[in-house]
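Asks: Just final.txt, nothing more (compact mmCIF, C-alpha atoms and all ligand atoms):
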```
# COMPACT_ATOMS: atom_id res chain seq x y z
CA MET A 1 -40.92 60.56 -95.12
CA THR A 2 -37.48 61.02 -96.63
CA THR A 3 -34.35 59.34 -95.25
CA HIS A 4 -33.25 62.74 -94.11
CA ASP A 5 -36.51 63.18 -92.15
CA ALA A 6 -36.12 59.78 -90.48
CA PHE A 7 -32.81 60.81 -88.92
CA ARG A 8 -33.85 64.35 -88.02
CA ILE A 9 -34.13 64.67 -84.22
CA SER A 10 -36.11 67.50 -82.77
CA ARG A 11 -34.68 69.56 -79.90
CA ARG A 12 -37.53 68.40 -77.63
CA GLY A 13 -36.90 64.75 -78.47
CA LEU A 14 -33.18 65.09 -77.80
CA LEU A 15 -33.80 66.57 -74.36
CA LYS A 16 -36.25 63.77 -73.47
CA ALA A 17 -33.80 61.10 -74.59
CA GLY A 18 -30.97 62.71 -72.63
CA ALA A 19 -33.04 62.90 -69.44
CA ALA A 20 -34.06 59.26 -69.74
CA SER A 21 -30.54 58.00 -70.31
CA ALA A 22 -29.14 60.17 -67.50
CA SER A 23 -31.60 58.70 -65.02
CA VAL A 24 -30.62 55.08 -65.64
CA PRO A 25 -27.22 55.12 -63.98
CA ALA A 26 -28.61 57.22 -61.15
CA LEU A 27 -31.33 54.66 -60.45
CA SER A 28 -29.02 51.69 -60.79
CA GLY A 29 -26.45 53.42 -58.55
CA ALA A 30 -29.09 53.98 -55.87
CA SER A 31 -30.22 50.36 -55.92
CA THR A 32 -26.59 49.16 -55.74
CA ALA A 33 -25.97 51.36 -52.71
CA ALA A 34 -29.09 50.06 -50.99
CA ALA A 35 -28.11 46.45 -51.61
CA ALA A 36 -24.46 46.83 -50.50
CA PRO A 37 -23.70 45.85 -46.89
CA ALA A 38 -22.56 48.63 -44.60
CA ALA A 39 -18.76 49.00 -44.68
CA THR A 40 -17.12 47.59 -41.58
CA PRO A 41 -13.78 49.19 -40.72
CA ALA A 42 -11.07 46.58 -40.37
CA ALA A 43 -9.39 46.68 -36.95
CA THR A 44 -5.96 45.24 -36.44
CA PRO A 45 -3.48 45.08 -33.54
CA VAL A 46 -0.48 47.34 -33.85
CA ASN A 47 2.57 47.23 -31.61
CA LEU A 48 4.54 50.43 -31.19
CA VAL A 49 7.27 51.45 -28.79
CA VAL A 50 6.29 55.00 -27.96
CA ASN A 51 8.76 57.08 -26.00
CA GLY A 52 10.44 53.90 -24.83
CA ARG A 53 7.21 52.21 -23.67
CA PRO A 54 5.71 49.22 -25.56
CA ARG A 55 2.12 49.96 -26.54
CA LEU A 56 -0.43 47.61 -28.09
CA LEU A 57 -3.24 49.31 -29.95
CA VAL A 58 -6.18 47.87 -31.86
CA LEU A 59 -6.78 50.30 -34.66
CA ASP A 60 -8.93 50.84 -37.68
CA THR A 61 -6.41 50.22 -40.44
CA ARG A 62 -7.10 53.73 -41.77
CA THR A 63 -5.84 55.40 -38.58
CA SER A 64 -2.95 57.76 -39.19
CA LEU A 65 0.03 57.60 -36.88
CA LEU A 66 -0.90 61.11 -35.78
CA ASP A 67 -4.39 60.06 -34.71
CA ALA A 68 -3.02 56.94 -33.02
CA LEU A 69 -0.75 59.15 -30.92
CA ARG A 70 -3.27 61.87 -30.16
CA GLU A 71 -6.61 60.08 -30.00
CA HIS A 72 -5.59 56.63 -28.76
CA LEU A 73 -2.52 57.31 -26.63
CA HIS A 74 -3.54 60.86 -25.68
CA LEU A 75 -0.09 62.21 -26.50
CA THR A 76 -1.39 65.57 -27.59
CA GLY A 77 1.99 67.27 -27.71
CA THR A 78 2.13 66.25 -31.36
CA LYS A 79 -0.07 68.76 -33.17
CA LYS A 80 -2.50 68.43 -36.05
CA GLY A 81 -2.18 71.50 -38.22
CA CYS A 82 -3.24 70.68 -41.75
CA ASP A 83 -3.57 66.87 -41.67
CA HIS A 84 -2.30 66.99 -45.26
CA GLY A 85 1.49 66.93 -44.98
CA GLN A 86 1.87 70.64 -45.55
CA CYS A 87 2.72 72.23 -42.21
CA GLY A 88 5.00 69.89 -40.25
CA ALA A 89 3.19 70.38 -36.93
CA CYS A 90 2.76 66.60 -36.64
CA THR A 91 6.45 65.73 -37.05
CA VAL A 92 7.71 62.89 -34.83
CA LEU A 93 10.73 60.62 -34.94
CA VAL A 94 10.21 57.03 -36.11
CA ASP A 95 13.23 54.80 -35.63
CA GLY A 96 15.27 58.01 -35.33
CA ARG A 97 14.05 59.59 -38.57
CA ARG A 98 11.65 62.50 -38.72
CA ILE A 99 8.32 61.82 -40.32
CA LYS A 100 5.04 63.68 -40.78
CA SER A 101 2.73 61.49 -38.77
CA CYS A 102 -0.42 62.70 -40.53
CA LEU A 103 0.83 61.23 -43.80
CA THR A 104 1.44 57.69 -42.64
CA LEU A 105 -0.78 54.94 -41.28
CA ALA A 106 -0.04 53.54 -37.84
CA VAL A 107 -0.27 49.96 -39.18
CA MET A 108 2.72 50.68 -41.41
CA HIS A 109 4.96 50.99 -38.34
CA GLU A 110 4.52 47.68 -36.55
CA GLY A 111 7.30 47.36 -33.95
CA ALA A 112 8.72 50.82 -34.66
CA ALA A 113 10.17 53.14 -32.02
CA VAL A 114 8.26 56.42 -32.03
CA THR A 115 9.56 59.48 -30.22
CA THR A 116 7.22 62.41 -29.67
CA ILE A 117 7.91 65.74 -28.04
CA GLU A 118 6.91 64.20 -24.68
CA GLY A 119 9.58 61.55 -25.12
CA LEU A 120 12.36 63.98 -26.01
CA GLY A 121 12.20 65.68 -22.65
CA GLN A 122 9.97 66.90 -19.88
CA PRO A 123 9.93 70.03 -17.72
CA GLY A 124 12.93 69.76 -15.44
CA ASN A 125 14.68 67.40 -17.83
CA LEU A 126 14.50 69.11 -21.21
CA HIS A 127 16.20 67.79 -24.33
CA PRO A 128 19.00 70.17 -25.36
CA MET A 129 16.91 71.22 -28.39
CA GLN A 130 13.92 72.04 -26.21
CA ALA A 131 16.13 74.07 -23.87
CA ALA A 132 17.70 75.91 -26.81
CA PHE A 133 14.28 76.82 -28.22
CA VAL A 134 13.40 78.31 -24.83
CA ARG A 135 16.70 80.21 -24.59
CA HIS A 136 16.44 81.60 -28.12
CA ASP A 137 12.71 82.37 -28.08
CA GLY A 138 12.16 79.92 -30.92
CA TYR A 139 8.39 80.20 -30.74
CA GLN A 140 5.52 82.55 -30.04
CA CYS A 141 2.16 80.74 -29.93
CA GLY A 142 3.98 77.40 -29.70
CA TYR A 143 1.62 75.41 -31.92
CA CYS A 144 4.29 74.47 -34.44
CA THR A 145 6.98 74.03 -31.80
CA PRO A 146 6.74 70.28 -31.02
CA GLY A 147 7.03 69.54 -34.73
CA GLN A 148 9.84 72.07 -35.14
CA ILE A 149 11.82 70.53 -32.29
CA CYS A 150 11.35 66.93 -33.45
CA SER A 151 12.27 68.00 -36.96
CA ALA A 152 15.34 69.87 -35.71
CA VAL A 153 16.56 66.79 -33.85
CA GLY A 154 16.04 64.78 -37.03
CA VAL A 155 17.92 67.38 -39.09
CA LEU A 156 21.01 67.16 -36.93
CA GLY A 157 20.91 63.40 -37.21
CA GLU A 158 20.74 63.67 -41.02
CA ILE A 159 23.70 66.06 -41.10
CA GLU A 160 25.64 63.77 -38.78
CA GLN A 161 24.99 60.92 -41.22
CA GLY A 162 26.18 63.05 -44.17
CA ILE A 163 22.81 63.10 -45.92
CA PRO A 164 22.85 66.02 -48.39
CA SER A 165 20.02 68.50 -48.86
CA HIS A 166 18.82 70.45 -51.88
CA VAL A 167 21.32 73.24 -51.12
CA SER A 168 24.36 71.06 -50.41
CA SER A 169 26.92 72.04 -53.05
CA ASP A 170 29.14 68.99 -52.61
CA LEU A 171 27.18 65.75 -52.37
CA THR A 172 30.25 63.81 -51.30
CA ALA A 173 31.29 66.11 -48.43
CA ARG A 174 29.76 66.24 -44.99
CA PRO A 175 26.94 68.84 -45.10
CA LEU A 176 27.71 72.21 -43.55
CA LEU A 177 25.97 73.40 -40.45
CA SER A 178 25.14 76.67 -42.18
CA ALA A 179 21.99 78.73 -41.79
CA ALA A 180 21.15 77.99 -45.45
CA GLU A 181 21.38 74.24 -44.80
CA LEU A 182 19.28 74.46 -41.66
CA ARG A 183 16.65 76.68 -43.29
CA GLU A 184 16.37 74.33 -46.27
CA ARG A 185 16.12 71.23 -44.10
CA MET A 186 13.54 72.87 -41.83
CA SER A 187 11.47 74.20 -44.74
CA GLY A 188 8.79 71.54 -44.24
CA ASN A 189 7.95 73.01 -40.84
CA ILE A 190 5.84 76.11 -41.16
CA CYS A 191 5.66 78.71 -38.39
CA ARG A 192 2.82 81.19 -38.78
CA CYS A 193 4.35 83.30 -36.01
CA GLY A 194 7.53 83.65 -38.05
CA ALA A 195 10.02 82.52 -35.41
CA TYR A 196 12.34 81.19 -38.10
CA SER A 197 15.47 83.22 -37.25
CA ASN A 198 15.35 82.22 -33.60
CA ILE A 199 14.71 78.59 -34.54
CA VAL A 200 17.84 78.57 -36.68
CA ASP A 201 19.78 80.14 -33.81
CA ALA A 202 18.56 77.43 -31.44
CA ILE A 203 19.48 74.61 -33.80
CA THR A 204 22.87 76.17 -34.49
CA GLU A 205 23.63 76.31 -30.78
CA VAL A 206 22.70 72.67 -30.26
CA ALA A 207 24.65 71.63 -33.35
CA GLY A 208 27.75 73.31 -31.97
CA ALA A 209 27.39 71.54 -28.64
CA ASN A 210 26.31 68.13 -29.96
CA PRO A 211 25.93 67.88 -33.74
CA GLY A 212 24.27 64.47 -33.56
CA GLY A 213 21.46 65.49 -31.22
CA LYS A 214 20.30 63.27 -28.36
CA ALA A 215 17.46 61.15 -29.82
FE1 LIG B 301 0.87 66.83 -40.64
FE2 LIG B 301 0.34 69.40 -41.14
S1 LIG B 301 -0.58 68.09 -39.66
S2 LIG B 301 1.93 68.16 -41.99
FE1 LIG B 302 3.24 80.04 -33.56
FE2 LIG B 302 5.20 78.71 -34.80
S1 LIG B 302 5.27 79.60 -32.82
S2 LIG B 302 3.13 78.89 -35.38
```
Kindly present the structure from the file in structure tokens form.
Replies:
Amino acid sequence: MTTHDAFRISRRGLLKAGAASASVPALSGASTAAAAPAATPAATPVNLVVNGRPRLLVLDTRTSLLDALREHLHLTGTKKGCDHGQCGACTVLVDGRRIKSCLTLAVMHEGAAVTTIEGLGQPGNLHPMQAAFVRHDGYQCGYCTPGQICSAVGVLGEIEQGIPSHVSSDLTARPLLSAAELRERMSGNICRCGAYSNIVDAITEVAGANPGGKA
């Protein structure tokens, strides 16, 4: 046998060797999984002040703020649209700032004040933004509306604080209450019904009456 022959590998031999080597990690992976103890979710107490009421929850540390509100406190006004930070339906106010509650863990907000759509106002005692959405027909199916309203309240707070947006031309001046500003700032809240024009009208009306919003 020549040196060349010794290193020649037949196609059949190569396939056998490949199959054998591929099976090793699969087998070792299976035995590792069998030996590993079942994962136990870690539960931890979390204190939140939700709509002005202190609440103590014991939560799996992986629980999103959205699921804590909906599944544990049964505040289902806050909607789950995408659960991926893309639609804005889950927007709530945390310590006065709007936040997508599907993108944050409840345990990250120990002691925080959370305001949901239920806390902004109730039938018979609507928040000015809720009333303006009704007056201006700022919704159709209504699924996005709690998030839109919480976001709108947050937007007016940001403008009041002079926080610029992507379309603010002068970063040192107080942001304008223009339609362009409002549309840009509300762009994280998607409305499949396309009520955008009426939403801007509602926010504009509230901004004129009380630029800082209530919450
Ligand atoms: Fe949170 Fe869509 S459900 S952004
Ligand atoms: Fe239907 Fe906005 S009102 S998705």
Asks: List the neighbours of Pro45 (chain A) out to 12 Å using all atoms listed in the file; skip same-chain residues closer than 3 positions along the sequence, and give me the result as a VMD selection string.
Replies: chain A and resid 42 48 55 to 61 63 68 106 to 111
Asks: Please report as JSON lines every residue of chain A lying within 12 Å of ligand LIG 301 (chain B), along with the nearest atom pair and their distance in Å (one decimal), using only C-alpha atoms and all ligand atoms.
Replies:
```
{"residue": "A:Ser64", "atom": "CA", "partner": "B:LIG301", "partner_atom": "FE1", "distance": 9.9}
{"residue": "A:Leu65", "atom": "CA", "partner": "B:LIG301", "partner_atom": "FE1", "distance": 10.0}
{"residue": "A:Leu66", "atom": "CA", "partner": "B:LIG301", "partner_atom": "FE1", "distance": 7.7}
{"residue": "A:Asp67", "atom": "CA", "partner": "B:LIG301", "partner_atom": "S1", "distance": 10.2}
{"residue": "A:Arg70", "atom": "CA", "partner": "B:LIG301", "partner_atom": "S1", "distance": 11.7}
{"residue": "A:Thr78", "atom": "CA", "partner": "B:LIG301", "partner_atom": "S1", "distance": 8.9}
{"residue": "A:Lys79", "atom": "CA", "partner": "B:LIG301", "partner_atom": "S1", "distance": 6.5}
{"residue": "A:Lys80", "atom": "CA", "partner": "B:LIG301", "partner_atom": "S1", "distance": 4.1}
{"residue": "A:Gly81", "atom": "CA", "partner": "B:LIG301", "partner_atom": "S1", "distance": 4.0}
{"residue": "A:Cys82", "atom": "CA", "partner": "B:LIG301", "partner_atom": "FE2", "distance": 3.9}
{"residue": "A:Asp83", "atom": "CA", "partner": "B:LIG301", "partner_atom": "S1", "distance": 3.8}
{"residue": "A:His84", "atom": "CA", "partner": "B:LIG301", "partner_atom": "FE2", "distance": 5.5}
{"residue": "A:Gly85", "atom": "CA", "partner": "B:LIG301", "partner_atom": "S2", "distance": 3.3}
{"residue": "A:Gln86", "atom": "CA", "partner": "B:LIG301", "partner_atom": "S2", "distance": 4.3}
{"residue": "A:Cys87", "atom": "CA", "partner": "B:LIG301", "partner_atom": "FE2", "distance": 3.8}
{"residue": "A:Gly88", "atom": "CA", "partner": "B:LIG301", "partner_atom": "S2", "distance": 3.9}
{"residue": "A:Ala89", "atom": "CA", "partner": "B:LIG301", "partner_atom": "FE2", "distance": 5.2}
{"residue": "A:Cys90", "atom": "CA", "partner": "B:LIG301", "partner_atom": "FE1", "distance": 4.4}
{"residue": "A:Thr91", "atom": "CA", "partner": "B:LIG301", "partner_atom": "FE1", "distance": 6.7}
{"residue": "A:Val92", "atom": "CA", "partner": "B:LIG301", "partner_atom": "FE1", "distance": 9.8}
{"residue": "A:Arg98", "atom": "CA", "partner": "B:LIG301", "partner_atom": "S2", "distance": 11.7}
{"residue": "A:Ile99", "atom": "CA", "partner": "B:LIG301", "partner_atom": "FE1", "distance": 9.0}
{"residue": "A:Lys100", "atom": "CA", "partner": "B:LIG301", "partner_atom": "FE1", "distance": 5.2}
{"residue": "A:Ser101", "atom": "CA", "partner": "B:LIG301", "partner_atom": "FE1", "distance": 6.0}
{"residue": "A:Cys102", "atom": "CA", "partner": "B:LIG301", "partner_atom": "FE1", "distance": 4.3}
{"residue": "A:Leu103", "atom": "CA", "partner": "B:LIG301", "partner_atom": "FE1", "distance": 6.4}
{"residue": "A:Thr104", "atom": "CA", "partner": "B:LIG301", "partner_atom": "FE1", "distance": 9.4}
{"residue": "A:Tyr143", "atom": "CA", "partner": "B:LIG301", "partner_atom": "S1", "distance": 10.9}
{"residue": "A:Cys144", "atom": "CA", "partner": "B:LIG301", "partner_atom": "FE2", "distance": 9.3}
{"residue": "A:Pro146", "atom": "CA", "partner": "B:LIG301", "partner_atom": "S1", "distance": 11.5}
{"residue": "A:Gly147", "atom": "CA", "partner": "B:LIG301", "partner_atom": "FE1", "distance": 9.0}
{"residue": "A:Gln148", "atom": "CA", "partner": "B:LIG301", "partner_atom": "S2", "distance": 11.2}
{"residue": "A:Ser151", "atom": "CA", "partner": "B:LIG301", "partner_atom": "S2", "distance": 11.5}
{"residue": "A:Ser187", "atom": "CA", "partner": "B:LIG301", "partner_atom": "S2", "distance": 11.6}
{"residue": "A:Gly188", "atom": "CA", "partner": "B:LIG301", "partner_atom": "S2", "distance": 8.0}
{"residue": "A:Asn189", "atom": "CA", "partner": "B:LIG301", "partner_atom": "S2", "distance": 7.8}
{"residue": "A:Ile190", "atom": "CA", "partner": "B:LIG301", "partner_atom": "FE2", "distance": 8.7}
{"residue": "A:Cys191", "atom": "CA", "partner": "B:LIG301", "partner_atom": "FE2", "distance": 11.1}
```
Asks: Can I get the residues of chain A within 6 Å of ligand LIG 302 (chain B), each with the closest pair of atoms and their distance in Å to one decimal, using only C-alpha atoms and all ligand atoms, sorted chain first then ascending number, as a Markdown table?
Replies:
```
| residue | atom | partner | partner_atom | distance |
| --- | --- | --- | --- | --- |
| A:Tyr139 | CA | B:LIG302 | S1 | 3.8 |
| A:Gln140 | CA | B:LIG302 | S1 | 4.1 |
| A:Cys141 | CA | B:LIG302 | FE1 | 3.9 |
| A:Gly142 | CA | B:LIG302 | S1 | 4.0 |
| A:Tyr143 | CA | B:LIG302 | S2 | 5.1 |
| A:Cys144 | CA | B:LIG302 | FE2 | 4.4 |
| A:Thr145 | CA | B:LIG302 | FE2 | 5.8 |
| A:Cys191 | CA | B:LIG302 | FE2 | 3.6 |
| A:Arg192 | CA | B:LIG302 | S2 | 4.1 |
| A:Cys193 | CA | B:LIG302 | FE1 | 4.2 |
```
Asks: Hey, can you check how far CA of Arg97 (chain A) sits from CA of Gly77 (chain A)?
Replies: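 A separation of 18.0 Å between them.
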Asks: Just the number, please: distance in Å from CA of Val50 (chain A) to CA of Ile199 (chain A), one decimal.
Replies: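 Going from CA of Val50 (chain A) over to CA of Ile199 (chain A) covers 25.9 Å.
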Asks: Quick one: residues within 8 Å of region 154-157 of chain A, only C-alpha atoms counted, chain neighbours fewer than 2 positions away excluded, as a list in words?
Replies: Leu93, Gly96, Arg97, Arg98, Cys150, Ser151, Ala152, Ile159, Glu160, Gln161, Leu182, Arg185, Met186, Ala207, Pro211, Gly212 and Gly213 of chain A
